[in-house]
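A.B. asks: Please see the structure below; I have some questions.
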Amino acid sequence: MKLTIKQYVLIMLLILLTGLYTAFINYYFSQRTLTAQIITRTIKNDLSELSYLLSKHLRKEPIASARSLIDRKVANNPYIRAIAIFDDDKPLFSTHHKKTDIPSVTLTYNHNRKDDMYHALTSITTFENYIRYYQGKTLKSYSLVFYIEHLFIRDSFKQARNEFILLFALLPIMILLFTWIFLNELVTKPLEILRQYAYYQNVIPKPFYIKEIEYIRASMVQTFSRLEQEKKDLYNLSITDPLSGLSNRYYLQERVQQIISESQRNNEEFALLFLDLDHFKAVNDSLGHDVGDELLKSVAVAIQDILRINDVVARIGGDEFVIVLTHYKDTMELIDIIERIQKKLSKPWEIQSYPIHIDSSVGVTIYPKDGNDIFSLMKNADIAMYDAKAKGRKGYRFFTEELNTQTQEYIELTNTMRSALKNDEYSLYYQPQNDTKTDEIIGAEALIRWHNPKKGMVAPYRFIPIAESNGFIVELGKWILKTAIKQKHTWEAQGIHIKLAINVAANQLQSPDFIEYLQELLTQYRVDNSQIVLEITEYVFLHDSDSILKTFQEIKALGIQISLDDFGTGYSSLSYLKTFPIDILKIDKTFLDDYESKRGAIFIETIITMAHTLQLTVVAEGVEKQEQLNYIRQLNCNNYQGYICSKPVPIDKFNALL
């Protein structure tokens with residue numbers, strides 16, 4: 001059983017009090033016995049002395065003449081009430097007229113009594129001795145009896161008892177009471193206060209009088225103050241982004257929940273913005289992460305300068321920031337804040353002496369229209385932000401249900417396109433490429449198609465960009481290469497010798513094992529390499545030019561031709577045609593659709609003339625009308641493909657066209 005401090009102190013005091021009283025009682029009884037012994041000895045001494053004096057007196061004088069001596073003895077000893085002399089049972093003399101009877105043996109003091117001296121003294125009434133004297137030669141004997149003054153003796157013991165009670169009973173109680181109060185005020189109560197402080201830490205105790213307890217109090221105050229500060233520091237660390245000093249994702253969730261509760265009570269809306277820096281990865285890759293970190297810190301300060309006191313900004317990772325705007329009047333004020341943020345971020349930055357220009361894309365969601373919790377709001381703002389990036393970056397987009405549908409489709413296609421490859425859901429379609437002068441099929445372009453068992457035919461423009469963004473295009477591109485080259489091998493075995501154009505994505509071209517894999521396929525199927533054409537879009541030139549040039553040279557070393565697809569729609573530059581070993585230019589359908597306008601015709605004629613000057617073959621895409629075909633014939637365009645001949649078809653239908 002555990003005791004409290006008060007209980008422990010009380011028990012110790014009770015034990016001490018019991019010990020004191022035991023000692024005091026023993027002392028009292030021993031003193032009482034000692035007093036009784038002194039009284040008894042006094043009476044006995046007087047008895048012996050008087051007996052001796054009377055023995056001498058009786059030798060000369062009769063007993064009556066000794067009255068003055070006996071009276072003096074009674075007067076001088078307060079413990080003696082009367083003195084009597086007996087001759088056997090006959091009283092001879094008594095100082096008190098009532099004390100003339102011979103005392104009983106049981107009431108006379110006896111040396112052999114076994115009870116203590118006090119009880120012996122209080123229980124007897126007389127002390128007796130003998131007076132022996134000679135009358136002539138005859139020895140005579142009288143009994144000398146002292147009658148005890150019990151009243152005086154009792155008063156003496158009573159007074160001693162009262163003094164004992166006063167001195168040895170009340171005084172210890174007062175001392176113990178004082179000790180209890182002292183311990184309670186200076187020890188027990190301070191320790192209880194310290195216990196309460198250790199448990200609740202609500203009120204700091206005032207200094208105590210006892211030095212050791214004050215040391216404990218001061219140490220506890222110092223310790224708890226340090227712990228409280230460390231707790232605050234840990235909490236601040238848990239809610240703060242260590243790089244930018246902004247709130248982190250944890251505190252953002254906590255703060256947005258508070259804002260949602262407030263908005264529900266006041267029936268108000270608020271906006272959640274998902275801001276992402278455009279091309280921030282290029283800063284890290286080219287200038288280093290230390291420069292990127294400094295830029296993020298500067299961006300955080302810039303955003304905070306624009307926001308108001310009630311607004312919230314948090315960095316949730318990388319170059320992604322979430323901003324919560326409240327208490328704006330209308331959409332125009334909201335847009336003004338967004339535009340001011342983007343304008344400030346787009347100003348020229350100088351980080352570690354490096355000039356940096358950076359823009360931002362922002363997705364916007366509105367509570368409660370676009371979501372009623374932080375997770376749905378952030379998800380939808382992220383969707384809107386990616387839509388802003390898809391629309392050319394450097395802008396903002398509000399979330400719509402249409403965007404959500406597109407995103408869900410994106411997620412669904414991302415999750416199923418890999419399994420589709422294992423389930424053999426992809427196939428290659430082939431679109432003829434014809435000689436402009438003879439209309440003879442001189443080649444084909446292999447185009448991938450996806451037939452989903454649930455959704456049916458999935459258009460390439462829906463899943464190809466997704467495959468490029470998530471990296472699956474590399475694995476899918478290998479399947480396209482293998483399937484197409486295998487088909488080329490089949491044609492050649494059947495005596496069909498036509499060119500086969502195969503599309504290669506930029507990510508696939510940059511794959512470290514691309515050339516090695518291509519060589520393995522060519523070795524395995526042994527086709528005419530000169531009739532293999534790899535079609536590459538101009539977006540490939542956005543990457544490392546030296547690496548791309550080396551890859552192009554290795555492709556050409558294999559005897560394979562390179563076709564630049566969709567020329568004029570991307571990042572066209574005449575320097576590309578001069579630097580890179582390109583064999584074929586493909587004119588995009590958008591130019592051909594505008595052939596009837598003067599400006600459109602100039603573009604087409606310029607491209608064909610330039611290509612012929614560079615000794616490049618020209619292929620016109622998207623020829624759908626006879627007038628378009630007649631026009632490119634006049635310009636001596638080499639080949640064409642389009643619906644005027646055939647749309648992309650499965651292999652069996654293409655073989656029928658052949």
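In the structure tokens, each chain is lettered A, B, ... as it comes, each chain's residues begin at 1, and ligands are numbered from 1 in order of appearance.
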Each residue of range 482-597 of chain A with at least one atom at most 10 Å from range 416-437 of chain A should appear once, together with its nearest atom pair and the corresponding distance in Å (one decimal); atoms considered: only C-alpha atoms; ordering: chain, then increasing residue number; output as a Markdown table.
C.D. replies:
```
| residue | atom | partner | partner_atom | distance |
| --- | --- | --- | --- | --- |
| A:Thr483 | CA | A:Leu428 | CA | 7.7 |
| A:Ala484 | CA | A:Leu428 | CA | 7.5 |
| A:Gln487 | CA | A:Leu428 | CA | 9.7 |
| A:Ile498 | CA | A:Gln433 | CA | 9.5 |
| A:Lys499 | CA | A:Gln433 | CA | 8.7 |
| A:Leu500 | CA | A:Tyr430 | CA | 9.1 |
| A:Ala501 | CA | A:Gln433 | CA | 9.3 |
```
A.B. asks: As a PyMOL selection string, please: all residues of range 4-165 of chain A that backbone DSSP puts in strand (DSSP E or B).
C.D. replies: chain A and resi 80-87+90-94+108+126-135+138-148
A.B. asks: Do you know which residues are at most 12 Å from Asp336 in chain A counting only C-alpha atoms, after dropping those on the same chain fewer than 5 positions away, and could you put them as an mmCIF file with N, CA and C atoms, in the first residue's frame?
C.D. replies:
```cif
data_model
loop_
_atom_site.group_PDB
_atom_site.id
_atom_site.type_symbol
_atom_site.label_atom_id
_atom_site.label_comp_id
_atom_site.auth_asym_id
_atom_site.auth_seq_id
_atom_site.Cartn_x
_atom_site.Cartn_y
_atom_site.Cartn_z
ATOM 1 N N ILE A 306 2.826 38.889 -50.763
ATOM 2 C CA ILE A 306 1.572 39.193 -51.471
ATOM 3 C C ILE A 306 0.363 38.873 -50.596
ATOM 4 N N LEU A 307 0.436 37.796 -49.833
ATOM 5 C CA LEU A 307 -0.733 37.310 -49.091
ATOM 6 C C LEU A 307 -1.079 38.218 -47.919
ATOM 7 N N LEU A 325 -6.795 31.114 -49.753
ATOM 8 C CA LEU A 325 -7.218 32.517 -49.739
ATOM 9 C C LEU A 325 -8.630 32.605 -49.162
ATOM 10 N N TYR A 328 -12.205 37.073 -49.538
ATOM 11 C CA TYR A 328 -12.117 37.928 -50.737
ATOM 12 C C TYR A 328 -13.542 38.292 -51.163
ATOM 13 N N LYS A 329 -13.672 39.452 -51.784
ATOM 14 C CA LYS A 329 -15.009 39.963 -52.105
ATOM 15 C C LYS A 329 -15.669 39.171 -53.222
ATOM 16 N N ASP A 330 -14.920 38.916 -54.270
ATOM 17 C CA ASP A 330 -15.502 38.239 -55.427
ATOM 18 C C ASP A 330 -14.386 37.554 -56.205
ATOM 19 N N THR A 331 -14.769 36.952 -57.332
ATOM 20 C CA THR A 331 -13.806 36.226 -58.152
ATOM 21 C C THR A 331 -12.745 37.155 -58.721
ATOM 22 N N ILE A 341 0.621 37.290 -57.564
ATOM 23 C CA ILE A 341 1.596 36.269 -57.155
ATOM 24 C C ILE A 341 2.415 35.814 -58.351
ATOM 25 N N GLN A 342 1.746 35.481 -59.440
ATOM 26 C CA GLN A 342 2.459 34.986 -60.621
ATOM 27 C C GLN A 342 3.355 36.062 -61.230
ATOM 28 N N LYS A 343 2.887 37.325 -61.188
ATOM 29 C CA LYS A 343 3.697 38.413 -61.726
ATOM 30 C C LYS A 343 4.973 38.597 -60.923
ATOM 31 N N TYR A 396 -3.111 30.132 -64.883
ATOM 32 C CA TYR A 396 -3.914 29.507 -63.843
ATOM 33 C C TYR A 396 -5.173 28.927 -64.472
#
```
A.B. asks: Find the spatial neighbours of range 517-526 of chain A, counting only C-alpha atoms, within a cut-off of 8 Å - ignore same-chain residues fewer than 4 positions away - and output them as JSON, numbers by chain.
C.D. replies: {"A": [481, 482, 485, 486, 489, 513, 558]}
A.B. asks: Taking only range 102-156 of chain A into account, list the residues labelled alpha helix (DSSP H) by DSSP (computed from the backbone), as a VMD selection string.
C.D. replies: chain A and resid 117 to 123 150 to 156
A.B. asks: Hey, what's within 8 Å of Leu252 in chain A if we count only C-alpha atoms and toss same-chain stuff fewer than 5 positions away? As a PyMOL selection string, please?
C.D. replies: chain A and resi 247+312-314
A.B. asks: Can you work out the spacing between CA of Asp373 in chain A and CA of Glu401 in chain A in Å, to one decimal?
C.D. replies: 16.6 Å
A.B. asks: Measure the distance from CA of Lys586 in chain A to CA of Asp566 in chain A in Å and round it to one decimal.
C.D. replies: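 Those two atoms sit 5.8 Å apart.
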